[in-house]
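Dumped final_4.pdb below, it's PDB, C-alpha atoms:
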```pdb
ATOM      1  CA  MET E  19       0.000   0.000   0.000  1.00  0.00           C
ATOM      2  CA  ALA E  20       1.390   3.403  -0.959  1.00  0.00           C
ATOM      3  CA  ARG E  21       2.133   5.621   2.024  1.00  0.00           C
ATOM      4  CA  TYR E  22       3.231   9.245   2.176  1.00  0.00           C
ATOM      5  CA  THR E  23       6.891   9.477   3.185  1.00  0.00           C
ATOM      6  CA  GLY E  24       7.539  13.169   2.543  1.00  0.00           C
ATOM      7  CA  PRO E  25       7.853  16.031   5.055  1.00  0.00           C
ATOM      8  CA  ALA E  26       5.067  15.822   7.653  1.00  0.00           C
ATOM      9  CA  CYS E  27       4.951  19.604   8.066  1.00  0.00           C
ATOM     10  CA  ARG E  28       3.999  19.955   4.410  1.00  0.00           C
ATOM     11  CA  LEU E  29       0.712  18.177   5.132  1.00  0.00           C
ATOM     12  CA  CYS E  30      -0.138  20.556   7.968  1.00  0.00           C
ATOM     13  CA  ARG E  31       0.590  23.558   5.780  1.00  0.00           C
ATOM     14  CA  ARG E  32      -1.598  22.148   3.017  1.00  0.00           C
ATOM     15  CA  GLU E  33      -4.550  21.824   5.391  1.00  0.00           C
ATOM     16  CA  GLY E  34      -3.825  25.180   6.983  1.00  0.00           C
ATOM     17  CA  LYS E  35      -3.838  23.816  10.541  1.00  0.00           C
ATOM     18  CA  LYS E  36      -1.724  21.819  12.945  1.00  0.00           C
ATOM     19  CA  LEU E  37      -2.257  18.079  12.596  1.00  0.00           C
ATOM     20  CA  TYR E  38       0.321  17.359  15.334  1.00  0.00           C
ATOM     21  CA  LEU E  39       2.240  14.947  13.132  1.00  0.00           C
ATOM     22  CA  LYS E  40       5.607  15.642  14.773  1.00  0.00           C
ATOM     23  CA  GLY E  41       4.722  15.566  18.444  1.00  0.00           C
ATOM     24  CA  GLU E  42       6.273  18.188  20.700  1.00  0.00           C
ATOM     25  CA  ARG E  43       7.795  20.073  17.782  1.00  0.00           C
ATOM     26  CA  CYS E  44       4.273  21.172  16.802  1.00  0.00           C
ATOM     27  CA  LEU E  45       3.984  23.016  20.126  1.00  0.00           C
ATOM     28  CA  THR E  46       7.181  25.007  19.654  1.00  0.00           C
ATOM     29  CA  GLY E  47       8.182  27.978  17.530  1.00  0.00           C
ATOM     30  CA  LYS E  48       9.651  25.552  14.993  1.00  0.00           C
ATOM     31  CA  CYS E  49       6.179  24.534  13.814  1.00  0.00           C
ATOM     32  CA  ALA E  50       5.941  25.118  10.056  1.00  0.00           C
ATOM     33  CA  VAL E  51       2.299  26.243  10.293  1.00  0.00           C
ATOM     34  CA  ASP E  52       3.319  29.068  12.648  1.00  0.00           C
ATOM     35  CA  ARG E  53       6.392  30.002  10.623  1.00  0.00           C
ATOM     36  CA  ARG E  54       5.019  29.496   7.112  1.00  0.00           C
ATOM     37  CA  GLY E  55       1.258  29.370   7.266  1.00  0.00           C
ATOM     38  CA  ALA E  56       0.695  29.351   3.505  1.00  0.00           C
ATOM     39  CA  ALA E  57       0.084  26.115   1.640  1.00  0.00           C
ATOM     40  CA  PRO E  58       3.181  24.618  -0.047  1.00  0.00           C
ATOM     41  CA  GLY E  59       3.886  25.253  -3.709  1.00  0.00           C
ATOM     42  CA  GLN E  60       4.340  28.236  -6.004  1.00  0.00           C
ATOM     43  CA  HIS E  61       0.743  29.393  -5.617  1.00  0.00           C
ATOM     44  CA  GLY E  62       0.286  28.361  -2.002  1.00  0.00           C
ATOM     45  CA  ALA E  63      -0.019  31.923  -0.726  1.00  0.00           C
ATOM     46  CA  ALA E  64      -2.839  32.758  -3.136  1.00  0.00           C
ATOM     47  CA  ASN E  65      -6.147  33.544  -1.467  1.00  0.00           C
ATOM     48  CA  LYS E  66      -8.388  30.789  -2.797  1.00  0.00           C
ATOM     49  CA  LYS E  67     -12.066  30.616  -1.917  1.00  0.00           C
ATOM     50  CA  LEU E  68     -13.123  27.002  -1.655  1.00  0.00           C
ATOM     51  CA  LYS E  69     -16.352  25.816  -3.201  1.00  0.00           C
ATOM     52  CA  GLU E  70     -18.530  23.088  -1.700  1.00  0.00           C
ATOM     53  CA  TYR E  71     -16.507  20.183  -3.092  1.00  0.00           C
ATOM     54  CA  GLY E  72     -13.252  21.834  -2.058  1.00  0.00           C
ATOM     55  CA  MET E  73     -14.401  22.152   1.564  1.00  0.00           C
ATOM     56  CA  GLN E  74     -15.554  18.540   1.609  1.00  0.00           C
ATOM     57  CA  LEU E  75     -12.267  17.346   0.154  1.00  0.00           C
ATOM     58  CA  ARG E  76     -10.222  19.310   2.679  1.00  0.00           C
ATOM     59  CA  ALA E  77     -12.314  17.885   5.551  1.00  0.00           C
ATOM     60  CA  LYS E  78     -11.619  14.357   4.321  1.00  0.00           C
ATOM     61  CA  GLN E  79      -7.917  14.979   3.749  1.00  0.00           C
ATOM     62  CA  THR E  80      -7.557  16.532   7.203  1.00  0.00           C
ATOM     63  CA  ALA E  81      -9.019  13.461   8.948  1.00  0.00           C
ATOM     64  CA  LYS E  82      -7.075  11.059   6.744  1.00  0.00           C
ATOM     65  CA  ARG E  83      -3.754  12.795   7.366  1.00  0.00           C
ATOM     66  CA  TYR E  84      -4.386  13.370  11.072  1.00  0.00           C
ATOM     67  CA  TYR E  85      -4.706   9.621  11.647  1.00  0.00           C
ATOM     68  CA  GLY E  86      -2.137   8.626   9.004  1.00  0.00           C
ATOM     69  CA  VAL E  87      -4.532   6.517   6.949  1.00  0.00           C
ATOM     70  CA  ALA E  88      -4.248   5.781   3.223  1.00  0.00           C
ATOM     71  CA  GLU E  89      -7.063   6.685   0.806  1.00  0.00           C
ATOM     72  CA  LYS E  90      -8.400   3.181   0.166  1.00  0.00           C
ATOM     73  CA  GLN E  91      -8.309   2.293   3.840  1.00  0.00           C
ATOM     74  CA  PHE E  92     -10.104   5.509   4.786  1.00  0.00           C
ATOM     75  CA  LYS E  93     -12.909   4.687   2.352  1.00  0.00           C
ATOM     76  CA  THR E  94     -13.169   1.212   3.897  1.00  0.00           C
ATOM     77  CA  TYR E  95     -13.603   2.773   7.336  1.00  0.00           C
ATOM     78  CA  PHE E  96     -16.313   5.058   5.978  1.00  0.00           C
ATOM     79  CA  THR E  97     -18.202   2.127   4.455  1.00  0.00           C
ATOM     80  CA  LYS E  98     -18.060   0.295   7.782  1.00  0.00           C
ATOM     81  CA  ALA E  99     -19.191   3.420   9.662  1.00  0.00           C
ATOM     82  CA  GLU E 100     -22.090   3.845   7.254  1.00  0.00           C
ATOM     83  CA  LYS E 101     -23.326   0.314   7.958  1.00  0.00           C
ATOM     84  CA  THR E 102     -23.121   0.784  11.729  1.00  0.00           C
ATOM     85  CA  ALA E 103     -26.100   2.076  13.687  1.00  0.00           C
ATOM     86  CA  GLY E 104     -25.761   5.717  14.699  1.00  0.00           C
ATOM     87  CA  VAL E 105     -24.382   8.878  13.128  1.00  0.00           C
ATOM     88  CA  THR E 106     -22.039   7.954  10.256  1.00  0.00           C
ATOM     89  CA  GLY E 107     -19.544  10.765  10.824  1.00  0.00           C
ATOM     90  CA  GLU E 108     -19.214  10.004  14.520  1.00  0.00           C
ATOM     91  CA  ASN E 109     -18.926   6.275  13.794  1.00  0.00           C
ATOM     92  CA  LEU E 110     -16.072   7.022  11.397  1.00  0.00           C
ATOM     93  CA  LEU E 111     -14.113   9.037  13.958  1.00  0.00           C
ATOM     94  CA  SER E 112     -14.725   6.347  16.584  1.00  0.00           C
ATOM     95  CA  LEU E 113     -13.226   3.702  14.301  1.00  0.00           C
ATOM     96  CA  LEU E 114     -10.188   5.861  13.580  1.00  0.00           C
ATOM     97  CA  GLU E 115      -9.672   6.560  17.288  1.00  0.00           C
ATOM     98  CA  ARG E 116      -9.677   2.839  18.066  1.00  0.00           C
ATOM     99  CA  ARG E 117      -6.917   2.009  15.598  1.00  0.00           C
ATOM    100  CA  LEU E 118      -4.077   0.246  17.385  1.00  0.00           C
ATOM    101  CA  ASP E 119      -1.465   2.865  16.492  1.00  0.00           C
ATOM    102  CA  ASN E 120      -3.701   5.732  17.624  1.00  0.00           C
ATOM    103  CA  THR E 121      -4.461   3.940  20.908  1.00  0.00           C
ATOM    104  CA  VAL E 122      -0.736   3.515  21.604  1.00  0.00           C
ATOM    105  CA  TYR E 123      -0.363   7.245  20.930  1.00  0.00           C
ATOM    106  CA  ARG E 124      -3.289   8.051  23.250  1.00  0.00           C
ATOM    107  CA  MET E 125      -1.594   5.984  25.966  1.00  0.00           C
ATOM    108  CA  GLY E 126       1.270   8.434  25.804  1.00  0.00           C
ATOM    109  CA  LEU E 127       3.812   5.907  24.559  1.00  0.00           C
ATOM    110  CA  ALA E 128       4.668   7.948  21.478  1.00  0.00           C
ATOM    111  CA  GLU E 129       5.059  11.611  20.621  1.00  0.00           C
ATOM    112  CA  SER E 130       3.171  11.170  17.367  1.00  0.00           C
ATOM    113  CA  ARG E 131       1.071   8.600  15.563  1.00  0.00           C
ATOM    114  CA  ARG E 132       3.987   7.946  13.218  1.00  0.00           C
ATOM    115  CA  GLU E 133       6.133   6.982  16.184  1.00  0.00           C
ATOM    116  CA  ALA E 134       3.305   4.836  17.601  1.00  0.00           C
ATOM    117  CA  ARG E 135       3.031   3.092  14.247  1.00  0.00           C
ATOM    118  CA  GLN E 136       6.728   2.216  14.387  1.00  0.00           C
ATOM    119  CA  LEU E 137       6.349   0.751  17.884  1.00  0.00           C
ATOM    120  CA  VAL E 138       3.596  -1.521  16.599  1.00  0.00           C
ATOM    121  CA  LEU E 139       5.420  -2.498  13.392  1.00  0.00           C
ATOM    122  CA  HIS E 140       8.512  -3.466  15.413  1.00  0.00           C
ATOM    123  CA  SER E 141       6.402  -5.711  17.693  1.00  0.00           C
ATOM    124  CA  HIS E 142       6.953  -3.736  20.910  1.00  0.00           C
ATOM    125  CA  VAL E 143       3.211  -3.900  21.678  1.00  0.00           C
ATOM    126  CA  ARG E 144       1.108  -6.819  22.883  1.00  0.00           C
ATOM    127  CA  LEU E 145      -2.670  -7.015  22.395  1.00  0.00           C
ATOM    128  CA  ASN E 146      -4.410  -9.197  24.973  1.00  0.00           C
ATOM    129  CA  GLY E 147      -1.036 -10.812  25.627  1.00  0.00           C
ATOM    130  CA  LYS E 148      -0.410 -11.680  21.972  1.00  0.00           C
ATOM    131  CA  LYS E 149       2.182 -10.329  19.561  1.00  0.00           C
ATOM    132  CA  VAL E 150       0.794  -7.840  17.036  1.00  0.00           C
ATOM    133  CA  SER E 151       2.408  -5.820  14.265  1.00  0.00           C
ATOM    134  CA  VAL E 152      -0.582  -4.402  12.370  1.00  0.00           C
ATOM    135  CA  PRO E 153      -1.219  -0.718  13.200  1.00  0.00           C
ATOM    136  CA  SER E 154      -4.690  -0.706  11.616  1.00  0.00           C
ATOM    137  CA  ILE E 155      -6.284  -3.229  14.009  1.00  0.00           C
ATOM    138  CA  ILE E 156      -9.522  -1.788  15.433  1.00  0.00           C
ATOM    139  CA  LEU E 157      -9.721  -2.358  19.173  1.00  0.00           C
ATOM    140  CA  LYS E 158     -12.858  -3.447  21.014  1.00  0.00           C
ATOM    141  CA  VAL E 159     -14.114  -2.761  24.521  1.00  0.00           C
ATOM    142  CA  GLY E 160     -12.195  -5.025  26.880  1.00  0.00           C
ATOM    143  CA  ASP E 161      -9.002  -5.192  24.795  1.00  0.00           C
ATOM    144  CA  VAL E 162      -5.784  -4.718  26.780  1.00  0.00           C
ATOM    145  CA  LEU E 163      -2.516  -3.278  25.481  1.00  0.00           C
ATOM    146  CA  THR E 164       0.847  -3.935  27.100  1.00  0.00           C
ATOM    147  CA  ILE E 165       4.491  -3.413  26.210  1.00  0.00           C
ATOM    148  CA  ARG E 166       6.674  -6.436  25.512  1.00  0.00           C
ATOM    149  CA  GLU E 167       8.852  -7.121  28.576  1.00  0.00           C
ATOM    150  CA  GLU E 168      12.085  -7.193  26.555  1.00  0.00           C
ATOM    151  CA  SER E 169      11.212  -3.837  25.009  1.00  0.00           C
ATOM    152  CA  LYS E 170      11.050  -2.140  28.404  1.00  0.00           C
ATOM    153  CA  GLU E 171      14.862  -2.356  28.543  1.00  0.00           C
ATOM    154  CA  SER E 172      15.204  -0.254  25.386  1.00  0.00           C
ATOM    155  CA  ALA E 173      16.564   3.248  26.018  1.00  0.00           C
ATOM    156  CA  LYS E 174      13.922   4.749  23.734  1.00  0.00           C
ATOM    157  CA  ILE E 175      11.089   2.875  25.453  1.00  0.00           C
ATOM    158  CA  LYS E 176      12.400   3.934  28.876  1.00  0.00           C
ATOM    159  CA  GLU E 177      12.348   7.523  27.692  1.00  0.00           C
ATOM    160  CA  LEU E 178       8.757   7.155  26.509  1.00  0.00           C
ATOM    161  CA  ILE E 179       7.722   5.453  29.764  1.00  0.00           C
ATOM    162  CA  GLU E 180       8.707   8.560  31.709  1.00  0.00           C
ATOM    163  CA  LYS E 181       6.361  10.636  29.560  1.00  0.00           C
ATOM    164  CA  VAL E 182       3.389   8.333  30.195  1.00  0.00           C
ATOM    165  CA  GLN E 183       3.220   9.601  33.765  1.00  0.00           C
ATOM    166  CA  SER E 184       2.206  13.081  32.599  1.00  0.00           C
ATOM    167  CA  THR E 185      -0.100  12.012  29.786  1.00  0.00           C
ATOM    168  CA  LYS E 186      -3.824  12.609  30.168  1.00  0.00           C
ATOM    169  CA  ALA E 187      -5.532   9.629  28.568  1.00  0.00           C
ATOM    170  CA  PRO E 188      -9.047   9.919  27.077  1.00  0.00           C
ATOM    171  CA  LYS E 189     -11.876   8.592  29.251  1.00  0.00           C
ATOM    172  CA  TRP E 190     -12.481   5.618  26.944  1.00  0.00           C
ATOM    173  CA  LEU E 191      -9.008   4.327  27.791  1.00  0.00           C
ATOM    174  CA  ALA E 192      -7.918   3.227  31.286  1.00  0.00           C
ATOM    175  CA  VAL E 193      -4.131   3.536  31.522  1.00  0.00           C
ATOM    176  CA  ASP E 194      -2.106   1.750  34.216  1.00  0.00           C
ATOM    177  CA  THR E 195       1.134   3.735  34.371  1.00  0.00           C
ATOM    178  CA  GLU E 196       2.816   1.330  36.810  1.00  0.00           C
ATOM    179  CA  ASN E 197       2.344  -1.755  34.663  1.00  0.00           C
ATOM    180  CA  LEU E 198       2.492   0.238  31.436  1.00  0.00           C
ATOM    181  CA  SER E 199      -0.786  -1.092  30.111  1.00  0.00           C
ATOM    182  CA  ALA E 200      -4.111   0.254  28.886  1.00  0.00           C
ATOM    183  CA  LYS E 201      -7.610  -1.163  28.622  1.00  0.00           C
ATOM    184  CA  VAL E 202     -10.369  -0.022  26.286  1.00  0.00           C
ATOM    185  CA  VAL E 203     -13.290   0.611  28.645  1.00  0.00           C
ATOM    186  CA  ALA E 204     -15.739   2.290  26.255  1.00  0.00           C
ATOM    187  CA  ILE E 205     -16.362   3.217  22.638  1.00  0.00           C
ATOM    188  CA  PRO E 206     -14.975   6.731  21.953  1.00  0.00           C
ATOM    189  CA  GLU E 207     -17.706   9.355  21.614  1.00  0.00           C
ATOM    190  CA  ARG E 208     -17.519  12.546  19.574  1.00  0.00           C
ATOM    191  CA  SER E 209     -17.019  14.588  22.746  1.00  0.00           C
ATOM    192  CA  ASP E 210     -13.879  12.545  23.510  1.00  0.00           C
ATOM    193  CA  ILE E 211     -12.175  13.816  20.345  1.00  0.00           C
ATOM    194  CA  ASP E 212     -10.906  17.352  20.841  1.00  0.00           C
ATOM    195  CA  PHE E 213      -9.766  18.004  17.271  1.00  0.00           C
ATOM    196  CA  ASP E 214     -11.955  20.236  15.108  1.00  0.00           C
ATOM    197  CA  PHE E 215     -13.049  17.724  12.478  1.00  0.00           C
ATOM    198  CA  GLN E 216     -15.901  18.506  10.102  1.00  0.00           C
ATOM    199  CA  GLU E 217     -17.117  14.951   9.737  1.00  0.00           C
ATOM    200  CA  GLN E 218     -20.438  15.962   8.195  1.00  0.00           C
ATOM    201  CA  LEU E 219     -18.562  17.306   5.164  1.00  0.00           C
ATOM    202  CA  ILE E 220     -16.844  13.924   4.801  1.00  0.00           C
ATOM    203  CA  VAL E 221     -20.224  12.198   4.814  1.00  0.00           C
ATOM    204  CA  GLU E 222     -21.501  14.619   2.167  1.00  0.00           C
ATOM    205  CA  LEU E 223     -18.431  13.951   0.001  1.00  0.00           C
ATOM    206  CA  TYR E 224     -18.868  10.172   0.013  1.00  0.00           C
ATOM    207  CA  SER E 225     -22.641  10.386  -0.352  1.00  0.00           C
ATOM    208  CA  LYS E 226     -22.485  11.936  -3.819  1.00  0.00           C
TER     209      LYS E 226
END
```

Let me see the file written as structure tokens.
Amino acid sequence: MARYTGPACRLCRREGKKLYLKGERCLTGKCAVDRRGAAPGQHGAANKKLKEYGMQLRAKQTAKRYYGVAEKQFKTYFTKAEKTAGVTGENLLSLLERRLDNTVYRMGLAESRREARQLVLHSHVRLNGKKVSVPSIILKVGDVLTIREESKESAKIKELIEKVQSTKAPKWLAVDTENLSAKVVAIPERSDIDFDFQEQLIVELYSK
């Protein structure tokens, strides 16, 4: 599956907002959105008024890039959300929140979702006691995440463990900082997601 490997800050500039793709750097004066707010490219600084389709497309791209999901996979999530009882847009965001890589990030074990994805790919994470290496797994209520015992000796993991202590986990996730584990205790609701998504525009885009 094709995955974007270019500069992360370029994506934030294109959407005109911080997507927090580089962790703590996004909160400093080095953030590209603060320093160079215009979209990338020769005509990035041009004042363009978006039409209906343009706004819908930007809403979809923002969500897709925020969670680090490829186009085809994002459409699959939307189809699943559409078939689930409830509000489609909220169902979509709930699915994205419960991705394994995002949950590791929400635990505080990574500064960004990209870093969380690497932890999963390198088999540092255990799901219900079993080895996993697929970042796109959707977690269910009752699932438990832990860190592989051998991985706890890694200098990088030790550094991340110290940061878990100060991380405020969402209410749908119960984090045990002593044992370095987390349990999904509820399905994420829209109010649990503090990013300004415009999920209704995404629904309108795919409903055409």

Shell of 12 Å around Lys148 (chain E), all atoms listed in the file, local chain residues under 6 positions omitted, as a ChimeraX atom specification: /E:141-142,161-166

Residue contacts of region 192-203 of chain E (10 Å, all atoms listed in the file) excluding same-chain residues fewer than 5 positions away, as a VMD selection string: chain E and resid 116 121 to 122 124 to 127 143 to 146 157 to 166 170 179 to 187

Counting only C-alpha atoms, the residue of E:Gly107, E:Gly147, E:Gly86, E:Pro188 that sits nearest Arg135 (chain E):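 Of all the options, E:Gly86 lies closest to Arg135 (chain E).
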
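Of the residues listed (E:Leu139, E:Ile156, E:Ala88, E:Val105), E:Ile156 shows the shortest atom-to-atom separation from Arg117 (chain E); distances use only C-alpha atoms.
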
Translate the PyMOL selection byres ((chain E and resi 106) around 12), as applied to the file shown, into an explicit residue set as a compact mmCIF listing (two decimals) with C-alpha atoms, in the coordinates of the input.
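The file below, result-v9.txt, is the result:
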```
# COMPACT_ATOMS: atom_id res chain seq x y z
CA TYR E 95 -13.60 2.77 7.34
CA PHE E 96 -16.31 5.06 5.98
CA THR E 97 -18.20 2.13 4.46
CA LYS E 98 -18.06 0.30 7.78
CA ALA E 99 -19.19 3.42 9.66
CA GLU E 100 -22.09 3.84 7.25
CA LYS E 101 -23.33 0.31 7.96
CA THR E 102 -23.12 0.78 11.73
CA ALA E 103 -26.10 2.08 13.69
CA GLY E 104 -25.76 5.72 14.70
CA VAL E 105 -24.38 8.88 13.13
CA GLY E 107 -19.54 10.76 10.82
CA GLU E 108 -19.21 10.00 14.52
CA ASN E 109 -18.93 6.28 13.79
CA LEU E 110 -16.07 7.02 11.40
CA LEU E 111 -14.11 9.04 13.96
CA SER E 112 -14.72 6.35 16.58
CA LEU E 113 -13.23 3.70 14.30
CA ARG E 208 -17.52 12.55 19.57
CA GLU E 217 -17.12 14.95 9.74
CA GLN E 218 -20.44 15.96 8.20
CA LEU E 219 -18.56 17.31 5.16
CA ILE E 220 -16.84 13.92 4.80
CA VAL E 221 -20.22 12.20 4.81
CA GLU E 222 -21.50 14.62 2.17
CA TYR E 224 -18.87 10.17 0.01
CA SER E 225 -22.64 10.39 -0.35
```

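Across the structure, CA of Val138 (chain E) and CA of Leu191 (chain E) are spaced 17.8 Å apart.
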
Between CA of Lys174 (chain E) and CA of Arg132 (chain E) - distance in Å to one decimal: 14.8 Å

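Pairwise distance (CA of Arg131 (chain E), CA of Gln91 (chain E)) equals 16.3 Å.
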
Point (-15.3, 19.0, -4.6) neighbourhood (12 Å, only C-alpha atoms) written as a list in words: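 Returned residue set, sorted by chain then number, is Leu68, Lys69, Glu70, Tyr71, Gly72, Met73, Gln74, Leu75, Arg76, Ala77, Lys78, Gln79, Leu219, Ile220, Glu222, Leu223, Tyr224 and Lys226 of chain E.
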